[in-house]
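Pasting structure11.txt here (compact mmCIF, C-alpha atoms and all ligand atoms):
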```txt
# COMPACT_ATOMS: atom_id res chain seq x y z
CA MET A 11 -13.86 23.83 9.16
CA GLN A 12 -12.41 21.84 6.28
CA PRO A 13 -9.56 22.45 3.86
CA GLU A 14 -10.63 22.73 0.23
CA LYS A 15 -8.56 20.86 -2.34
CA ARG A 16 -9.01 23.63 -4.89
CA ASP A 17 -7.23 26.07 -2.51
CA LEU A 18 -4.28 23.75 -1.98
CA TYR A 19 -1.30 22.71 -4.06
CA ARG A 20 -1.25 19.04 -4.99
CA LEU A 21 2.37 17.96 -4.70
CA PRO A 22 3.51 17.18 -8.26
CA TRP A 23 5.48 14.14 -7.09
CA SER A 24 4.93 10.87 -8.95
CA MET A 25 6.30 7.34 -9.05
CA ASN A 26 9.36 8.28 -11.14
CA ASP A 27 9.83 11.92 -10.20
CA ASN A 28 9.50 12.03 -6.47
CA ALA A 29 11.50 14.12 -4.01
CA ILE A 30 11.82 11.26 -1.52
CA GLY A 31 13.30 7.78 -1.60
CA TRP A 32 12.84 5.49 1.37
CA LEU A 33 15.72 3.28 2.46
CA GLU A 34 15.14 0.41 4.87
CA VAL A 35 18.45 0.07 6.66
CA THR A 36 17.74 -2.61 9.25
CA ASP A 37 14.84 -4.40 10.90
CA ILE A 38 16.51 -4.25 14.32
CA CYS A 39 15.12 -1.79 16.84
CA ASN A 40 15.84 -0.93 20.46
CA ILE A 41 12.31 0.10 21.54
CA HIS A 42 8.70 -0.75 20.67
CA CYS A 43 6.10 1.54 19.07
CA GLN A 44 2.37 0.95 18.77
CA GLY A 45 1.44 0.03 15.20
CA CYS A 46 5.08 -0.35 14.14
CA TYR A 47 5.37 -1.04 10.41
CA ARG A 48 8.34 -3.33 10.77
CA GLN A 49 8.72 -6.73 12.39
CA ILE A 50 12.06 -8.21 13.35
CA LEU A 51 12.37 -11.21 11.03
CA GLY A 52 16.02 -11.95 11.65
CA GLU A 53 17.25 -10.13 8.53
CA GLY A 54 19.13 -7.67 10.73
CA HIS A 55 21.32 -4.94 9.28
CA LYS A 56 21.45 -4.94 5.49
CA PRO A 57 25.02 -5.19 4.07
CA LEU A 58 26.48 -1.80 3.11
CA GLU A 59 26.90 -2.80 -0.55
CA GLN A 60 23.20 -3.72 -0.78
CA LEU A 61 22.24 -0.39 0.79
CA LYS A 62 24.44 1.51 -1.67
CA GLU A 63 22.81 -0.38 -4.55
CA GLU A 64 19.33 0.55 -3.23
CA VAL A 65 20.39 4.21 -2.94
CA ARG A 66 21.55 4.13 -6.57
CA LEU A 67 18.26 2.54 -7.67
CA LEU A 68 16.23 5.12 -5.74
CA LYS A 69 18.17 7.92 -7.36
CA GLU A 70 17.71 6.39 -10.79
CA TRP A 71 14.04 5.38 -10.47
CA ARG A 72 12.76 8.21 -8.26
CA ASN A 73 14.98 11.21 -9.13
CA CYS A 74 15.19 11.84 -5.36
CA ASP A 75 16.25 15.01 -3.66
CA GLY A 76 16.51 13.29 -0.29
CA ILE A 77 16.69 9.81 1.15
CA SER A 78 14.76 8.92 4.31
CA LEU A 79 16.62 6.27 6.26
CA ALA A 80 14.31 4.05 8.28
CA GLY A 81 13.93 0.61 9.77
CA GLY A 82 14.05 -0.62 12.56
CA GLU A 83 16.32 1.93 14.14
CA PRO A 84 18.75 3.10 11.41
CA ILE A 85 21.38 4.51 13.73
CA LEU A 86 22.06 1.01 15.08
CA HIS A 87 23.55 0.09 11.69
CA PRO A 88 27.34 -0.19 12.08
CA ASN A 89 27.96 1.55 8.70
CA ILE A 90 25.46 4.37 9.11
CA VAL A 91 28.12 7.13 8.84
CA GLU A 92 29.58 5.64 5.67
CA LEU A 93 26.10 5.26 4.20
CA ILE A 94 25.29 8.93 4.84
CA ARG A 95 28.62 9.89 3.27
CA TYR A 96 27.70 7.82 0.20
CA ILE A 97 24.27 9.49 -0.14
CA SER A 98 25.93 12.92 0.13
CA SER A 99 28.49 11.93 -2.52
CA LEU A 100 25.58 11.36 -4.93
CA GLY A 101 24.34 14.91 -4.28
CA MET A 102 21.28 13.94 -2.22
CA LYS A 103 20.14 15.02 1.23
CA SER A 104 19.58 12.49 3.99
CA MET A 105 17.08 12.36 6.83
CA ILE A 106 17.31 9.68 9.52
CA LEU A 107 14.03 8.58 11.08
CA SER A 108 15.02 7.70 14.62
CA ASN A 109 13.60 7.08 18.06
CA GLY A 110 16.70 8.90 19.35
CA TYR A 111 17.45 6.39 22.10
CA ALA A 112 20.99 5.56 20.95
CA LEU A 113 21.76 8.88 19.26
CA THR A 114 24.79 10.25 21.06
CA GLU A 115 26.36 13.64 20.44
CA ASP A 116 29.54 11.98 19.22
CA LEU A 117 27.61 10.02 16.56
CA LEU A 118 25.73 13.17 15.56
CA TRP A 119 28.99 15.02 14.89
CA LYS A 120 30.21 12.15 12.70
CA LEU A 121 26.90 12.05 10.83
CA LYS A 122 26.97 15.79 10.30
CA LYS A 123 30.50 15.61 8.94
CA ALA A 124 29.31 12.88 6.56
CA GLY A 125 26.64 15.29 5.23
CA LEU A 126 23.48 14.35 7.19
CA THR A 127 20.66 16.88 6.70
CA GLY A 128 18.69 16.11 9.84
CA VAL A 129 16.83 13.70 12.07
CA SER A 130 13.11 13.16 12.25
CA PHE A 131 12.40 11.84 15.73
CA HIS A 132 9.52 9.59 16.54
CA ILE A 133 8.94 9.95 20.26
CA ASP A 134 5.50 9.56 21.78
CA SER A 135 3.63 8.29 24.81
CA THR A 136 2.52 5.09 23.04
CA GLN A 137 6.10 3.78 22.93
CA ILE A 138 7.68 1.23 25.22
CA ARG A 139 11.23 2.49 25.78
CA PRO A 140 13.80 2.31 28.58
CA GLU A 141 13.44 6.00 29.51
CA PHE A 142 9.74 5.44 30.33
CA LYS A 143 10.22 2.25 32.35
CA LYS A 144 9.40 3.62 35.77
CA ARG A 145 6.00 5.06 35.02
CA GLU A 146 2.89 4.73 32.95
CA LEU A 147 2.58 7.70 30.67
CA THR A 148 -0.81 9.32 30.63
CA SER A 149 -0.04 12.39 28.56
CA GLU A 150 1.90 13.27 25.43
CA LEU A 151 3.37 16.25 27.29
CA GLU A 152 5.20 14.01 29.76
CA VAL A 153 7.55 13.11 26.92
CA ASN A 154 8.56 16.72 26.27
CA GLU A 155 11.57 16.58 28.56
CA LEU A 156 13.10 13.86 26.39
CA ARG A 157 12.23 15.77 23.21
CA VAL A 158 13.98 18.88 24.55
CA LYS A 159 17.08 16.87 25.46
CA LEU A 160 17.35 15.54 21.90
CA GLY A 161 16.44 18.89 20.35
CA GLU A 162 19.26 20.56 22.31
CA ARG A 163 21.71 17.90 21.19
CA MET A 164 20.72 18.51 17.58
CA ARG A 165 21.00 22.26 17.95
CA LYS A 166 24.47 21.98 19.46
CA VAL A 167 25.61 20.01 16.42
CA GLY A 168 23.69 22.31 14.06
CA LEU A 169 21.32 19.79 12.49
CA TYR A 170 17.67 19.95 11.47
CA ALA A 171 15.27 18.37 14.03
CA HIS A 172 11.76 17.29 13.29
CA PHE A 173 9.40 15.54 15.72
CA GLY A 174 6.59 13.14 14.94
CA ILE A 175 3.92 11.45 17.01
CA THR A 176 1.38 8.75 16.30
CA VAL A 177 -2.10 10.21 16.75
CA THR A 178 -4.59 7.94 18.47
CA LYS A 179 -7.97 8.57 20.06
CA ASP A 180 -6.12 8.82 23.40
CA ASN A 181 -3.76 11.66 22.50
CA PHE A 182 -5.87 13.37 19.81
CA LYS A 183 -7.07 16.05 22.21
CA GLU A 184 -3.47 16.83 23.14
CA ILE A 185 -2.49 17.92 19.63
CA PRO A 186 -2.94 21.66 20.42
CA ASP A 187 -0.78 21.34 23.54
CA PHE A 188 1.88 19.45 21.60
CA LEU A 189 1.86 22.11 18.90
CA LYS A 190 1.95 24.94 21.43
CA TRP A 191 4.93 23.32 23.12
CA SER A 192 6.66 22.78 19.74
CA ILE A 193 6.21 26.44 18.80
CA GLU A 194 7.55 27.56 22.18
CA ASN A 195 10.62 25.44 21.43
CA MET A 196 10.99 26.45 17.81
CA HIS A 197 14.67 27.25 18.41
CA LEU A 198 15.07 23.44 18.72
CA ILE A 199 12.35 22.12 16.41
CA ASN A 200 11.87 22.75 12.70
CA GLY A 201 8.50 21.11 12.35
CA ILE A 202 6.21 18.30 13.42
CA THR A 203 4.40 15.38 11.81
CA LEU A 204 1.16 13.90 13.13
CA ILE A 205 0.70 10.35 11.87
CA ILE A 206 -2.82 9.05 12.34
CA PHE A 207 -2.78 5.47 13.60
CA ARG A 208 -4.11 2.87 11.18
CA GLY A 209 -3.74 -0.85 10.66
CA MET A 210 -5.18 -3.93 9.00
CA PRO A 211 -8.32 -4.84 10.95
CA VAL A 212 -8.31 -8.22 12.64
CA THR A 213 -11.93 -9.09 13.27
CA GLU A 214 -14.45 -11.81 12.55
CA GLY A 215 -15.63 -11.67 8.97
CA ILE A 216 -12.34 -10.54 7.39
CA GLU A 217 -10.11 -13.12 5.74
CA TYR A 218 -6.75 -12.31 4.23
CA TYR A 219 -5.22 -13.91 1.15
CA ALA A 220 -1.79 -13.89 -0.45
CA LYS A 221 -0.76 -15.73 -3.62
CA GLY A 222 -4.26 -17.23 -3.80
CA LYS A 223 -4.07 -18.81 -0.34
CA LYS A 224 -5.71 -17.82 2.92
CA VAL A 225 -3.16 -16.54 5.46
CA GLU A 226 -3.29 -16.01 9.19
CA VAL A 227 -3.07 -12.32 10.07
CA ASN A 228 -2.93 -11.34 13.71
CA MET A 229 -1.07 -9.06 16.10
CA ASP A 230 1.92 -11.44 16.09
CA SER A 231 2.19 -11.94 12.35
CA LEU A 232 1.91 -8.27 11.33
CA GLY A 233 2.88 -5.18 13.37
CA TYR A 234 0.21 -2.92 11.87
CA THR A 235 -3.02 -4.63 12.78
CA ILE A 236 -5.94 -3.21 14.72
CA SER A 237 -8.13 -5.09 17.12
CA ASP A 238 -11.91 -5.33 17.24
CA GLU A 239 -11.96 -2.79 20.05
CA GLU A 240 -9.83 -0.30 18.07
CA LEU A 241 -12.03 -0.89 15.05
CA ALA A 242 -15.12 0.03 17.06
CA SER A 243 -13.67 3.26 18.44
CA ASP A 244 -13.95 6.74 16.95
CA LYS A 245 -12.19 7.28 13.68
CA ILE A 246 -9.79 10.17 13.19
CA ILE A 247 -9.16 11.47 9.70
CA ALA A 248 -6.76 14.15 8.46
CA GLN A 249 -9.55 16.76 8.30
CA ASP A 250 -10.23 16.22 12.05
CA VAL A 251 -6.60 16.94 12.88
CA TYR A 252 -6.70 20.01 10.61
CA ALA A 253 -9.88 21.26 12.32
CA MET A 254 -8.43 20.66 15.77
CA ILE A 255 -5.32 22.71 14.95
CA LYS A 256 -7.33 25.45 13.25
CA GLU A 257 -9.63 25.80 16.30
CA HIS A 258 -6.67 26.53 18.53
CA PHE A 259 -4.32 28.22 16.06
CA PRO A 260 -6.50 30.23 13.65
CA ASP A 261 -3.39 31.50 11.81
CA TYR A 262 -2.39 27.95 10.84
CA GLU A 263 -3.24 26.92 7.29
CA ALA A 264 -2.77 23.87 5.09
CA THR A 265 -1.06 24.50 1.76
CA THR A 266 -0.24 21.18 0.15
CA TYR A 267 -1.71 17.71 -0.11
CA LEU A 268 -1.62 14.24 -1.54
CA GLY A 269 -4.98 12.55 -1.93
CA GLY A 270 -5.88 8.90 -1.68
CA THR A 271 -5.79 6.28 -4.41
CA ILE A 272 -9.52 5.51 -4.27
CA ASN A 273 -11.74 8.24 -2.81
CA GLN A 274 -11.67 11.75 -4.20
CA ASP A 275 -12.26 13.43 -0.84
CA THR A 276 -9.43 11.80 1.14
CA TYR A 277 -6.36 13.64 2.37
CA LYS A 278 -3.43 11.32 2.93
CA TRP A 279 -0.77 13.99 3.29
CA LEU A 280 -1.89 17.42 4.40
CA ILE A 281 1.00 19.80 4.93
CA GLY A 282 0.60 23.24 6.44
CA ASN A 283 2.44 25.88 8.40
CA ILE A 284 2.21 28.81 10.73
CA ILE A 285 4.55 31.82 10.63
CA VAL A 286 5.47 32.53 14.21
CA ASN A 287 8.12 34.43 16.18
CA SER A 288 10.16 33.34 19.19
CA LYS A 289 7.60 34.92 21.54
CA GLY A 290 4.87 32.71 20.15
CA LYS A 291 3.20 35.52 18.18
CA SER A 292 1.76 34.23 14.92
CA PHE A 293 1.31 36.24 11.75
CA GLY A 294 -0.49 33.82 9.43
CA ALA A 295 0.79 31.15 7.09
CA TYR A 296 2.36 31.06 3.67
CA GLY A 297 -0.01 29.82 1.02
CA SER A 298 -0.03 27.16 -1.66
CA ARG A 299 1.54 29.61 -4.15
CA THR A 300 4.77 29.68 -2.13
CA VAL A 301 5.11 25.89 -2.27
CA GLU A 302 4.22 25.89 -5.96
CA TRP A 303 6.92 28.46 -6.73
CA ILE A 304 9.53 26.65 -4.64
CA GLN A 305 8.79 23.22 -6.15
CA THR A 306 8.61 24.56 -9.70
CA PHE A 307 11.70 26.76 -9.46
CA TYR A 308 13.72 24.01 -7.78
CA HIS A 309 12.71 21.56 -10.50
CA LEU A 310 13.65 24.02 -13.22
CA VAL A 311 17.08 24.63 -11.71
CA LYS A 312 17.96 21.22 -10.25
CA GLY A 313 15.83 18.91 -12.37
CA ARG A 314 14.07 17.37 -9.38
CA TYR A 315 11.50 18.29 -6.73
CA MET A 316 12.58 19.49 -3.33
CA VAL A 317 12.38 18.03 0.16
CA TYR A 318 14.11 18.76 3.48
CA ALA A 319 15.31 22.38 3.55
CA ARG A 320 18.80 22.46 5.04
CA LYS A 321 18.24 25.81 6.73
CA ARG A 322 15.31 27.59 8.27
CA ILE A 323 13.80 30.14 5.98
CA GLY A 324 13.36 32.72 8.79
CA LYS A 325 12.32 36.24 7.78
CA LYS A 326 13.21 35.48 4.15
CA ILE A 327 9.72 33.98 3.92
CA PHE A 328 8.43 37.56 3.62
CA LEU A 329 10.16 37.86 0.22
CA MET A 330 7.39 35.59 -1.03
CA ALA A 331 4.96 38.46 -0.31
CA LEU A 332 5.61 39.49 -3.93
CA LEU A 333 4.06 36.26 -5.22
CA ASP A 334 1.78 34.96 -2.48
CA LYS A 335 -1.09 36.98 -1.05
CA ALA A 336 -1.17 34.86 2.12
CA VAL A 337 2.43 35.92 2.82
CA ARG A 338 1.53 39.55 2.03
CA LYS A 339 -1.16 39.40 4.69
CA ALA A 340 1.29 37.89 7.18
CA PHE A 341 3.90 40.52 6.31
CA PHE A 342 1.52 43.45 6.98
CA LYS A 343 0.58 41.88 10.30
CA PHE A 344 4.30 41.57 11.12
CA LEU A 345 4.83 45.24 10.15
CA ARG A 346 2.00 46.49 12.38
CA TYR A 347 3.29 44.37 15.25
CA GLY A 348 6.87 45.66 14.79
CA LEU A 349 5.92 49.31 14.38
CA ALA A 350 4.24 49.24 17.82
CA ASN A 351 7.65 48.34 19.31
CA PRO A 352 10.60 48.22 16.84
CA ALA A 353 12.57 45.78 19.05
CA ARG A 354 10.02 43.20 17.93
CA PHE A 355 11.40 43.29 14.38
CA PHE A 356 14.48 41.47 15.67
CA TYR A 357 12.73 38.50 17.28
CA PRO A 358 13.56 35.31 15.32
CA ILE A 359 10.82 34.07 13.01
CA ASN A 360 10.12 30.65 11.59
CA ALA A 361 7.61 29.21 9.18
CA PHE A 362 6.80 26.23 11.33
CA GLY A 363 5.89 23.13 9.30
CA ILE A 364 3.02 20.86 10.34
CA GLY A 365 2.48 17.61 8.45
CA ILE A 366 -0.55 15.36 8.85
CA VAL A 367 -0.34 11.81 7.48
CA GLN A 368 -3.34 9.51 7.32
CA ALA A 369 -1.87 6.07 6.83
CA PRO A 370 -3.60 3.42 4.64
CA ASP A 371 -7.30 2.81 5.31
CA MET A 372 -9.19 -0.39 4.71
CA LEU A 373 -12.48 0.45 3.02
CA PRO A 374 -15.75 -1.45 3.62
CA ASP A 375 -15.27 -3.42 0.39
CA GLY A 376 -11.86 -4.68 1.53
CA ARG A 377 -9.76 -2.46 -0.73
CA VAL A 378 -6.96 -0.48 0.92
CA GLU A 379 -6.69 3.20 0.15
CA MET A 380 -3.07 4.33 -0.12
CA CYS A 381 -1.39 7.71 -0.61
CA ASP A 382 -1.63 8.80 -4.24
CA ASP A 383 1.94 8.78 -5.65
CA CYS A 384 3.38 7.49 -2.38
CA PRO A 385 6.53 9.45 -1.44
CA ASP A 386 7.81 6.71 0.86
CA MET A 387 8.51 3.90 -1.58
CA CYS A 388 11.42 1.59 -0.95
CA VAL A 389 13.21 -1.07 -2.94
CA PHE A 390 12.23 -4.65 -2.27
CA GLU A 391 13.55 -7.50 -4.42
CA GLY A 392 14.22 -5.20 -7.34
CA LYS A 393 10.84 -3.42 -7.22
CA LEU A 394 9.44 -0.29 -5.63
CA VAL A 395 6.89 -0.96 -2.87
CA ASN A 396 5.06 1.22 -0.33
CA SER A 397 7.25 1.11 2.77
CA CYS A 398 4.23 1.15 5.13
CA ARG A 399 3.17 -2.25 3.73
CA LEU A 400 6.63 -3.73 3.18
CA ASP A 401 6.06 -6.41 5.81
CA GLU A 402 3.25 -7.94 3.73
CA HIS A 403 5.82 -8.49 0.96
CA ARG A 404 8.41 -9.75 3.43
CA LYS A 405 6.09 -12.14 5.24
CA PHE A 406 3.50 -13.19 2.66
CA GLY A 407 5.29 -12.54 -0.63
CA GLU A 408 2.88 -9.87 -1.87
CA LEU A 409 0.28 -7.34 -0.69
CA LEU A 410 -2.61 -8.99 1.13
CA THR A 411 -6.11 -8.94 -0.30
CA ALA A 412 -9.11 -9.08 2.02
CA LYS A 413 -12.41 -10.91 1.70
CA ILE A 414 -14.92 -9.26 3.90
CA ASP A 415 -18.44 -10.30 4.94
CA LYS A 416 -21.43 -7.99 5.34
CA LYS A 417 -21.14 -7.63 9.13
CA ALA A 418 -17.43 -6.74 9.04
CA SER A 419 -18.01 -4.41 6.11
CA GLN A 420 -20.69 -2.63 8.14
CA LYS A 421 -18.21 -2.25 11.03
CA LEU A 422 -15.77 -0.51 8.70
CA ALA A 423 -18.51 1.68 7.21
CA ASP A 424 -20.08 2.56 10.56
CA LYS A 425 -17.18 4.55 11.94
CA LYS A 426 -18.08 7.47 14.13
CA ARG A 427 -15.97 10.55 13.66
CA ILE A 428 -14.11 11.70 16.76
CA PRO A 429 -15.55 14.92 18.22
CA ILE A 430 -13.29 17.97 18.25
CA VAL A 431 -12.51 18.85 21.85
CA MET A 432 -12.32 22.55 22.52
CA HIS A 433 -10.03 23.74 25.26
CA ASP A 434 -8.15 26.92 26.08
CA ASN A 435 -4.96 27.54 24.19
S1 LIG B 501 1.30 4.90 1.13
FE1 LIG B 501 2.22 4.30 3.08
S2 LIG B 501 4.44 4.51 2.75
FE2 LIG B 501 3.40 5.66 1.15
S3 LIG B 501 3.28 7.73 1.97
FE3 LIG B 501 1.36 6.70 2.48
S4 LIG B 501 1.69 5.91 4.54
FE4 LIG B 501 3.72 6.40 3.70
```
Would you give me this structure, written as structure tokens?
Amino acid sequence: MQPEKRDLYRLPWSMNDNAIGWLEVTDICNIHCQGCYRQILGEGHKPLEQLKEEVRLLKEWRNCDGISLAGGEPILHPNIVELIRYISSLGMKSMILSNGYALTEDLLWKLKKAGLTGVSFHIDSTQIRPEFKKRELTSELEVNELRVKLGERMRKVGLYAHFGITVTKDNFKEIPDFLKWSIENMHLINGITLIIFRGMPVTEGIEYYAKGKKVEVNMDSLGYTISDEELASDKIIAQDVYAMIKEHFPDYEATTYLGGTINQDTYKWLIGNIIVNSKGKSFGAYGSRTVEWIQTFYHLVKGRYMVYARKRIGKKIFLMALLDKAVRKAFFKFLRYGLANPARFFYPINAFGIGIVQAPDMLPDGRVEMCDDCPDMCVFEGKLVNSCRLDEHRKFGELLTAKIDKKASQKLADKKRIPIVMHDN
């Protein structure tokens, strides 16, 4: 069960016409996540004037529709409300990527008033955070209580909430349960992102170089490294996550993708959806045509591509039945379901978004495969760089190159694919 690129819409985003700009607000954080992209190097919160300048550059160079504010933990920045107000004043949306730990209701109201579009929460069982202190977490579902608490806070204020988890071999089999729970709570959650854990391998036989010199790369010098043991374990790719979801939610479908920069068969971003009502009944998914129409129409009218819908589309998705046969199919299913009991027509509906991101992969020849036309580029020393590898620029002055011997290369090539675990939905 594999998605076919020819059935999907390749996001038309590029280096200079990209819906998203990535703003690094601070390198300070209040928790710890496995594989974190950012190390605390003592830079702390960036001055507001510098952040405003970076927002202007992102708008100018990227033609952004929305700015993703990241770090570190962006809400710790003392000028976060003013920064959001500034982004809004330039006519762009804003999405804060937060662990939620310090996000109070009072701050949320201020952020909303300043024009914030929403918050994308990263909360998962791999994190070390004060709320989890008393126990070892063994399941992704144990974190749901905290997710609900934050989702309710967001709903009260009337802001968009998105939840993301890092997918590892340990929680891979829990994806269907996480999705089932998210759909059951769709009154609180607009969508989810599943980020497949990756890192620079630290193993015998791989040497790293920057500016022509060999550099020491280890767990302490770079947050996103993977150990020998992790290197030897099963490899998860975006198609595995797709297949796992499809097994348990046959109505789910992928619509949109970004490929890799090296291999033609890689999916780096694979975005899909499932049209579902508040009782958990699914009707299908909108197809690639819907996204194509939305992106094209938005670009024609606004002059830029779209990201971060401010409101849920709800039953209005069925208007796309005129242009998208996947929506037509879903609409007829909805009609049959409603005609059996007309009260069912009034249950809320959402097109629930499911994003899969396969972060950069080191290939057996030492090259690193990135996302084609990376949407998450940030400004660093007057240039655009991939935010997931920003720390290489910060620490070593440029992207690392790897020299790799035959044995290490074989280790990278030898990866077993993780088996799909079937269990009852
Ligand atoms: S290349 Fe890195 S920063 Fe860019 S979209 Fe992919 S994972 Fe994100």
Expected axis-aligned box over every listed atom of ligand LIG 501 (chain B), 8 Å added per side, centre plus edges in Å to one decimal, as AutoDock Vina command-line options:
```
--center_x 2.9 --center_y 6.0 --center_z 2.8 --size_x 19.1 --size_y 19.4 --size_z 19.4
```
Go through range 12-56 of chain A residue by residue and, counting only C-alpha atoms, keep those with an atom at most 6 Å from range 72-84 of chain A; for each kept residue give the shortest atom pair and its distance in Å to one decimal, ordered by chain and increasing number, as a Markdown table.
```
| residue | atom | partner | partner_atom | distance |
| --- | --- | --- | --- | --- |
| A:Asn26 | CA | A:Arg72 | CA | 4.5 |
| A:Asp27 | CA | A:Arg72 | CA | 5.1 |
| A:Asn28 | CA | A:Arg72 | CA | 5.3 |
| A:Ala29 | CA | A:Cys74 | CA | 4.5 |
| A:Ile30 | CA | A:Cys74 | CA | 5.1 |
| A:Gly31 | CA | A:Ile77 | CA | 4.8 |
| A:Trp32 | CA | A:Ser78 | CA | 4.9 |
| A:Leu33 | CA | A:Leu79 | CA | 4.9 |
| A:Glu34 | CA | A:Gly81 | CA | 5.1 |
| A:Val35 | CA | A:Gly81 | CA | 5.5 |
| A:Thr36 | CA | A:Gly81 | CA | 5.0 |
| A:Asp37 | CA | A:Gly82 | CA | 4.2 |
| A:Ile38 | CA | A:Gly82 | CA | 4.7 |
| A:Cys39 | CA | A:Gly82 | CA | 4.6 |
```
* To do: May I have the residues within 10 Å of ligand LIG 501 (chain B), computed using only C-alpha atoms and all ligand atoms, as a PyMOL selection string?
  => chain A and resi 30+32+47+205-206+208+268-271+278-279+367-371+378-388+395-400
* Asked: CA of Ile90 in chain A to CA of Tyr315 in chain A: how many Å, to one decimal?
  -> 25.3 Å
Set out as JSON lines a contact list for range 316-378 of chain A and range 167-190 of chain A with a cut-off of 12 Å, giving each residue of range 316-378 of chain A that qualifies its closest atom pair and distance in Å to one decimal, counting only C-alpha atoms, ordered by chain and rising residue number.
```
{"residue": "A:Tyr318", "atom": "CA", "partner": "A:Tyr170", "partner_atom": "CA", "distance": 8.8}
{"residue": "A:Ala319", "atom": "CA", "partner": "A:Tyr170", "partner_atom": "CA", "distance": 8.6}
{"residue": "A:Arg320", "atom": "CA", "partner": "A:Tyr170", "partner_atom": "CA", "distance": 7.0}
{"residue": "A:Lys321", "atom": "CA", "partner": "A:Tyr170", "partner_atom": "CA", "distance": 7.6}
{"residue": "A:Arg322", "atom": "CA", "partner": "A:Tyr170", "partner_atom": "CA", "distance": 8.6}
{"residue": "A:Phe362", "atom": "CA", "partner": "A:Leu189", "partner_atom": "CA", "distance": 9.9}
{"residue": "A:Gly363", "atom": "CA", "partner": "A:His172", "partner_atom": "CA", "distance": 9.2}
{"residue": "A:Ile364", "atom": "CA", "partner": "A:Leu189", "partner_atom": "CA", "distance": 8.7}
{"residue": "A:Gly365", "atom": "CA", "partner": "A:Gly174", "partner_atom": "CA", "distance": 8.9}
{"residue": "A:Ile366", "atom": "CA", "partner": "A:Val177", "partner_atom": "CA", "distance": 9.6}
{"residue": "A:Val367", "atom": "CA", "partner": "A:Thr176", "partner_atom": "CA", "distance": 9.5}
{"residue": "A:Gln368", "atom": "CA", "partner": "A:Val177", "partner_atom": "CA", "distance": 9.5}
{"residue": "A:Ala369", "atom": "CA", "partner": "A:Thr176", "partner_atom": "CA", "distance": 10.4}
```
* Asked: Looking at A:Ile94, A:Ala124, A:Ala220, A:Ala248, which one is nearest to Gln12 in chain A, with distances taken over all atoms listed in the file?
  -> A:Ala248
* Asked: So which one's closest to Ser135 in chain A, A:Gln44, A:Thr235, A:Ser419, A:Asn200? Using all atoms listed in the file, please.
  ->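 When distances to Ser135 in chain A are compared using all atoms listed in the file, the smallest one comes from A:Gln44.
The shortest atom-to-atom distance to Gly45 in chain A, with all atoms listed in the file taken into account, belongs to A:Asp230 out of A:Asp230, A:Glu408, A:Asp244, A:Asp250.
Among the candidate residues A:Pro374, A:Phe131, A:His197, A:Val153, the one lying nearest to Lys417 in chain A is A:Pro374, with distances computed using only C-alpha atoms.
Among the candidates A:Lys69, A:Lys103, A:His42, A:Lys120, the one nearest to Phe142 in chain A when counting all atoms listed in the file is A:His42.
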* In Å, rounded to a single decimal, give me how far CA of Leu68 in chain A is from CA of Leu126 in chain A. => 17.5 Å
* Give me the residues within 8 Å of Pro358 in chain A as a PyMOL selection string, counting only C-alpha atoms and dropping any in the same chain fewer than 6 places off. => chain A and resi 287-288+324-325
